[in-house]
$ cat upload.csv   # CSV, C-alpha atoms
chain,number,residue,atom,x,y,z
A,1,MET,CA,-15.6,17.0,-8.3
A,2,ASP,CA,-12.2,18.2,-7.1
A,3,TYR,CA,-11.3,14.7,-6.0
A,4,ILE,CA,-12.7,11.1,-5.9
A,5,ASP,CA,-11.9,8.3,-3.5
A,6,CYS,CA,-11.4,4.9,-5.3
A,7,ALA,CA,-12.0,1.9,-3.1
A,8,GLY,CA,-9.7,-1.0,-3.7
A,9,ALA,CA,-10.6,-4.7,-3.4
A,10,SER,CA,-8.7,-4.7,-0.1
A,11,GLY,CA,-11.1,-2.1,1.3
A,12,ALA,CA,-8.4,0.6,1.1
A,13,ASN,CA,-9.5,4.0,-0.3
A,14,TYR,CA,-7.2,5.9,-2.7
A,15,ARG,CA,-7.8,9.7,-3.2
A,16,PHE,CA,-7.3,11.0,-6.7
A,17,PHE,CA,-7.4,14.7,-7.5
A,18,ASN,CA,-9.0,16.3,-10.6
A,19,VAL,CA,-6.6,17.5,-13.3
A,20,LYS,CA,-7.8,20.8,-14.7
A,21,ASP,CA,-8.1,20.8,-18.5
A,22,SER,CA,-7.1,17.1,-18.5
A,23,ARG,CA,-3.4,18.1,-18.6
A,24,PRO,CA,-1.3,17.1,-15.6
A,25,GLN,CA,1.3,19.6,-14.6
A,26,SER,CA,3.4,17.4,-12.4
A,27,MET,CA,6.3,15.3,-13.7
A,28,ALA,CA,6.3,13.2,-10.6
A,29,GLY,CA,5.3,9.6,-10.5
A,30,GLY,CA,1.7,8.6,-9.7
A,31,GLY,CA,-1.4,6.8,-10.5
A,32,TYR,CA,-4.2,8.1,-12.6
A,33,VAL,CA,-7.8,7.2,-13.6
A,34,TYR,CA,-10.0,8.2,-16.5
A,35,VAL,CA,-13.5,8.7,-15.3
A,36,ARG,CA,-17.0,9.3,-16.7
A,37,LEU,CA,-19.1,11.3,-14.3
A,38,GLU,CA,-22.8,10.6,-14.6
A,39,GLY,CA,-24.8,11.5,-11.5
A,40,ALA,CA,-23.2,11.1,-8.1
A,41,GLU,CA,-21.0,8.1,-8.7
A,42,PRO,CA,-18.0,8.2,-11.0
A,43,THR,CA,-17.3,5.3,-13.4
A,44,ILE,CA,-13.7,4.4,-13.7
A,45,LEU,CA,-12.9,3.7,-17.3
A,46,TYR,CA,-9.2,3.2,-17.1
A,47,ALA,CA,-6.6,3.0,-14.3
A,48,SER,CA,-2.8,3.1,-14.6
A,49,GLU,CA,0.4,4.4,-13.1
A,50,THR,CA,3.5,6.1,-14.5
A,51,ASP,CA,6.9,7.5,-13.5
A,52,ASN,CA,5.9,10.8,-15.1
A,53,LEU,CA,2.3,12.0,-14.9
A,54,PHE,CA,2.9,14.9,-17.3
A,55,MET,CA,3.8,12.5,-20.1
A,56,GLY,CA,2.1,9.2,-19.1
A,57,ALA,CA,-1.3,10.2,-17.8
A,58,VAL,CA,-2.6,11.4,-21.2
A,59,ASP,CA,-1.4,8.4,-23.3
A,60,ARG,CA,-4.9,7.0,-23.9
A,61,TRP,CA,-7.0,10.1,-23.0
A,62,SER,CA,-8.2,10.8,-26.6
A,63,GLU,CA,-9.4,7.2,-26.9
A,64,ALA,CA,-11.1,7.4,-23.5
A,65,VAL,CA,-13.0,10.5,-24.5
A,66,GLU,CA,-14.0,9.4,-28.0
A,67,GLN,CA,-14.8,5.7,-27.4
A,68,TYR,CA,-15.8,5.5,-23.7
A,69,GLY,CA,-17.1,9.0,-22.9
A,70,ALA,CA,-14.5,10.0,-20.4
A,71,THR,CA,-15.1,13.3,-18.8
A,72,HIS,CA,-12.4,13.7,-16.1
A,73,LEU,CA,-8.8,12.8,-15.5
A,74,TYR,CA,-7.7,12.3,-11.8
A,75,THR,CA,-4.2,11.7,-10.5
A,76,ARG,CA,-2.6,10.5,-7.3
A,77,LEU,CA,1.0,11.5,-6.6
A,78,ASN,CA,3.1,8.6,-5.4
A,79,VAL,CA,6.8,8.4,-6.1
A,80,SER,CA,7.2,4.8,-5.0
A,81,GLY,CA,6.9,2.6,-8.0
A,82,GLN,CA,6.1,-0.6,-6.0
A,83,THR,CA,3.4,1.2,-4.0
A,84,ARG,CA,1.8,2.6,-7.2
A,85,ARG,CA,1.7,-0.9,-8.7
A,86,ASN,CA,0.2,-2.4,-5.6
A,87,GLU,CA,-2.5,0.3,-5.4
A,88,LEU,CA,-3.2,-0.1,-9.2
A,89,GLN,CA,-3.7,-3.9,-8.8
A,90,ASP,CA,-6.1,-3.2,-5.8
A,91,ILE,CA,-8.1,-0.7,-7.8
A,92,LEU,CA,-8.2,-3.0,-10.9
A,93,ARG,CA,-9.5,-5.9,-8.9
A,94,ALA,CA,-12.3,-3.8,-7.4
A,95,HIS,CA,-13.4,-1.9,-10.5
A,96,ARG,CA,-12.4,-3.9,-13.6
A,97,PRO,CA,-12.3,-0.7,-15.8
A,98,ALA,CA,-13.5,-1.2,-19.4
A,99,MET,CA,-10.3,0.0,-21.0
A,100,ASN,CA,-7.9,-2.2,-18.9
A,101,PRO,CA,-7.3,-5.7,-20.0
A,102,PRO,CA,-9.0,-8.4,-18.0
A,103,LEU,CA,-7.1,-9.5,-14.9
A,104,PRO,CA,-6.1,-13.1,-14.5
A,105,GLU,CA,-7.8,-14.7,-11.6
A,106,ALA,CA,-5.3,-14.8,-8.7
A,107,PRO,CA,-5.2,-17.7,-6.2
A,108,VAL,CA,-6.7,-16.7,-2.9
A,109,GLU,CA,-3.3,-17.0,-1.2
A,110,ALA,CA,-1.7,-14.5,-3.7
A,111,ALA,CA,-4.6,-12.1,-3.2
A,112,ASP,CA,-4.2,-12.2,0.6
A,113,ALA,CA,-0.5,-11.6,0.3
A,114,ASP,CA,-1.1,-8.6,-2.0
A,115,GLN,CA,-3.6,-7.2,0.5
A,116,ASP,CA,-1.1,-7.7,3.4
A,117,GLU,CA,1.6,-5.9,1.3
A,118,ALA,CA,-0.8,-3.0,0.5
A,119,LYS,CA,-1.7,-2.6,4.2
A,120,ALA,CA,2.0,-2.6,5.1
A,121,ASP,CA,2.7,0.1,2.4
A,122,ARG,CA,-0.1,2.3,3.8
A,123,ALA,CA,1.2,2.0,7.3
A,124,GLU,CA,4.7,2.9,6.1
A,125,ASN,CA,3.3,5.9,4.2
A,126,ARG,CA,1.5,7.1,7.3
A,127,GLN,CA,4.7,6.8,9.4
A,128,ASN,CA,6.7,8.8,6.8
A,129,ALA,CA,4.1,11.5,6.5

$ encode --input "upload.csv" --output "structure tokens"
Amino acid sequence: MDYIDCAGASGANYRFFNVKDSRPQSMAGGGYVYVRLEGAEPTILYASETDNLFMGAVDRWSEAVEQYGATHLYTRLNVSGQTRRNELQDILRAHRPAMNPPLPEAPVEAADADQDEAKADRAENRQNA
């Protein structure tokens, strides 16, 4: 697959693009996911974000392949650190990847505020595009 769409807990979809040979070429900031492809639906094993995809996106790749059967690395360019962190939290709440630590249960009010902030970020990104 050239890309995958990861649904967040908020209902937002985040498009990630396949990295050929599991080695990112971009030094830009972005989010990334390690995936195991079995059949039509990808399983997200790990999700994170970094200021430098070239350096950060491969930090745990060997572990993902050896211990969790990762088959693909996907990245999503996003220079804004706050937006990356918001998207990551949304993805983590929806998928609970095996390699990520468990999330603390957020109070309903905090989760609603995070979703409102993520929607505002998406609206701003559309206006700036």

$ atom_distance --input "upload.csv" --atom1 "CA of Tyr32 in chain A" --atom2 "CA of Tyr74 in chain A"
5.5 Å

$ atom_distance --input "upload.csv" --atom1 "CA of Leu77 in chain A" --atom2 "CA of Leu103 in chain A"
24.0 Å

$ residues_near_point --input "upload.csv" --point "(-10.4, -5.2, -15.5)" --cutoff "10 Å" --atoms "all atoms listed in the file" --output "PDB file with C-alpha atoms, keeping the file's coordinate frame"
ATOM      1  CA  LEU A  45     -12.900   3.700 -17.300  1.00  0.00           C
ATOM      2  CA  TYR A  46      -9.200   3.200 -17.100  1.00  0.00           C
ATOM      3  CA  ALA A  47      -6.600   3.000 -14.300  1.00  0.00           C
ATOM      4  CA  GLN A  89      -3.700  -3.900  -8.800  1.00  0.00           C
ATOM      5  CA  ILE A  91      -8.100  -0.700  -7.800  1.00  0.00           C
ATOM      6  CA  LEU A  92      -8.200  -3.000 -10.900  1.00  0.00           C
ATOM      7  CA  ARG A  93      -9.500  -5.900  -8.900  1.00  0.00           C
ATOM      8  CA  ALA A  94     -12.300  -3.800  -7.400  1.00  0.00           C
ATOM      9  CA  HIS A  95     -13.400  -1.900 -10.500  1.00  0.00           C
ATOM     10  CA  ARG A  96     -12.400  -3.900 -13.600  1.00  0.00           C
ATOM     11  CA  PRO A  97     -12.300  -0.700 -15.800  1.00  0.00           C
ATOM     12  CA  ALA A  98     -13.500  -1.200 -19.400  1.00  0.00           C
ATOM     13  CA  MET A  99     -10.300   0.000 -21.000  1.00  0.00           C
ATOM     14  CA  ASN A 100      -7.900  -2.200 -18.900  1.00  0.00           C
ATOM     15  CA  PRO A 101      -7.300  -5.700 -20.000  1.00  0.00           C
ATOM     16  CA  PRO A 102      -9.000  -8.400 -18.000  1.00  0.00           C
ATOM     17  CA  LEU A 103      -7.100  -9.500 -14.900  1.00  0.00           C
ATOM     18  CA  PRO A 104      -6.100 -13.100 -14.500  1.00  0.00           C
TER      19      PRO A 104
END

$ atom_distance --input "upload.csv" --atom1 "CA of Tyr34 in chain A" --atom2 "CA of Ala70 in chain A"
6.2 Å

$ closest_residue --input "upload.csv" --among "A:Ala12, A:Thr43, A:Trp61, A:Asp5" --to "Pro24 in chain A" --atoms "all atoms listed in the file"
A:Trp61

$ closest_residue --input "upload.csv" --among "A:Glu41, A:Glu63, A:Glu105, A:Glu49" --to "Cys6 in chain A" --atoms "all atoms listed in the file"
A:Glu41

$ residues_around --input "upload.csv" --residues "Ser62 in chain A" --least-positions-apart "5" --cutoff "12 Å" --atoms "all atoms listed in the file" --output "ChimeraX atom specification"
/A:22-23,34,57,67-73

$ residues_near_point --input "upload.csv" --point "(2.9, 14.1, -18.3)" --cutoff "9 Å" --atoms "all atoms listed in the file" --output "JSON, numbers by chain"
{"A": [23, 24, 25, 26, 27, 28, 50, 52, 53, 54, 55, 56, 57, 58, 59]}

$ closest_residue --input "upload.csv" --among "A:Asp90, A:Thr83, A:Thr75, A:Ile44" --to "Gly31 in chain A" --atoms "only C-alpha atoms"
A:Thr75

$ closest_residue --input "upload.csv" --among "A:Arg76, A:Arg36, A:Arg60, A:Gly30" --to "Tyr14 in chain A" --atoms "only C-alpha atoms"
A:Arg76

$ closest_residue --input "upload.csv" --among "A:Gly29, A:Pro42, A:Ala7, A:Ala64" --to "Val79 in chain A" --atoms "all atoms listed in the file"
A:Gly29

$ closest_residue --input "upload.csv" --among "A:Glu38, A:Asp2, A:Asp21, A:Asp51" --to "Gly81 in chain A" --atoms "all atoms listed in the file"
A:Asp51

$ build_atoms --input "upload.csv" --residues "range 82-94 of chain A" --atoms "N, CA and C atoms" --output "PDB file, in the frame of the given file"
ATOM      1  N   GLN A  82       6.709   0.659  -6.521  1.00  0.00           N
ATOM      2  CA  GLN A  82       6.100  -0.600  -6.000  1.00  0.00           C
ATOM      3  C   GLN A  82       4.751  -0.267  -5.356  1.00  0.00           C
ATOM      4  N   THR A  83       4.676   0.819  -4.616  1.00  0.00           N
ATOM      5  CA  THR A  83       3.400   1.200  -4.000  1.00  0.00           C
ATOM      6  C   THR A  83       2.371   1.529  -5.056  1.00  0.00           C
ATOM      7  N   ARG A  84       2.776   2.246  -6.112  1.00  0.00           N
ATOM      8  CA  ARG A  84       1.800   2.600  -7.200  1.00  0.00           C
ATOM      9  C   ARG A  84       1.296   1.285  -7.838  1.00  0.00           C
ATOM     10  N   ARG A  85       2.177   0.339  -8.100  1.00  0.00           N
ATOM     11  CA  ARG A  85       1.700  -0.900  -8.700  1.00  0.00           C
ATOM     12  C   ARG A  85       0.789  -1.692  -7.811  1.00  0.00           C
ATOM     13  N   ASN A  86       1.073  -1.712  -6.520  1.00  0.00           N
ATOM     14  CA  ASN A  86       0.200  -2.400  -5.600  1.00  0.00           C
ATOM     15  C   ASN A  86      -1.190  -1.732  -5.530  1.00  0.00           C
ATOM     16  N   GLU A  87      -1.198  -0.398  -5.463  1.00  0.00           N
ATOM     17  CA  GLU A  87      -2.500   0.300  -5.400  1.00  0.00           C
ATOM     18  C   GLU A  87      -3.248   0.090  -6.738  1.00  0.00           C
ATOM     19  N   LEU A  88      -2.557   0.111  -7.862  1.00  0.00           N
ATOM     20  CA  LEU A  88      -3.200  -0.100  -9.200  1.00  0.00           C
ATOM     21  C   LEU A  88      -3.876  -1.485  -9.190  1.00  0.00           C
ATOM     22  N   GLN A  89      -3.166  -2.513  -8.771  1.00  0.00           N
ATOM     23  CA  GLN A  89      -3.700  -3.900  -8.800  1.00  0.00           C
ATOM     24  C   GLN A  89      -4.976  -3.936  -7.880  1.00  0.00           C
ATOM     25  N   ASP A  90      -4.922  -3.270  -6.739  1.00  0.00           N
ATOM     26  CA  ASP A  90      -6.100  -3.200  -5.800  1.00  0.00           C
ATOM     27  C   ASP A  90      -7.264  -2.567  -6.467  1.00  0.00           C
ATOM     28  N   ILE A  91      -7.029  -1.449  -7.138  1.00  0.00           N
ATOM     29  CA  ILE A  91      -8.100  -0.700  -7.800  1.00  0.00           C
ATOM     30  C   ILE A  91      -8.653  -1.547  -8.995  1.00  0.00           C
ATOM     31  N   LEU A  92      -7.757  -2.161  -9.766  1.00  0.00           N
ATOM     32  CA  LEU A  92      -8.200  -3.000 -10.900  1.00  0.00           C
ATOM     33  C   LEU A  92      -9.064  -4.138 -10.463  1.00  0.00           C
ATOM     34  N   ARG A  93      -8.679  -4.783  -9.370  1.00  0.00           N
ATOM     35  CA  ARG A  93      -9.500  -5.900  -8.900  1.00  0.00           C
ATOM     36  C   ARG A  93     -10.858  -5.475  -8.432  1.00  0.00           C
ATOM     37  N   ALA A  94     -10.962  -4.246  -7.913  1.00  0.00           N
ATOM     38  CA  ALA A  94     -12.300  -3.800  -7.400  1.00  0.00           C
ATOM     39  C   ALA A  94     -13.162  -3.253  -8.535  1.00  0.00           C
TER      40      ALA A  94
END
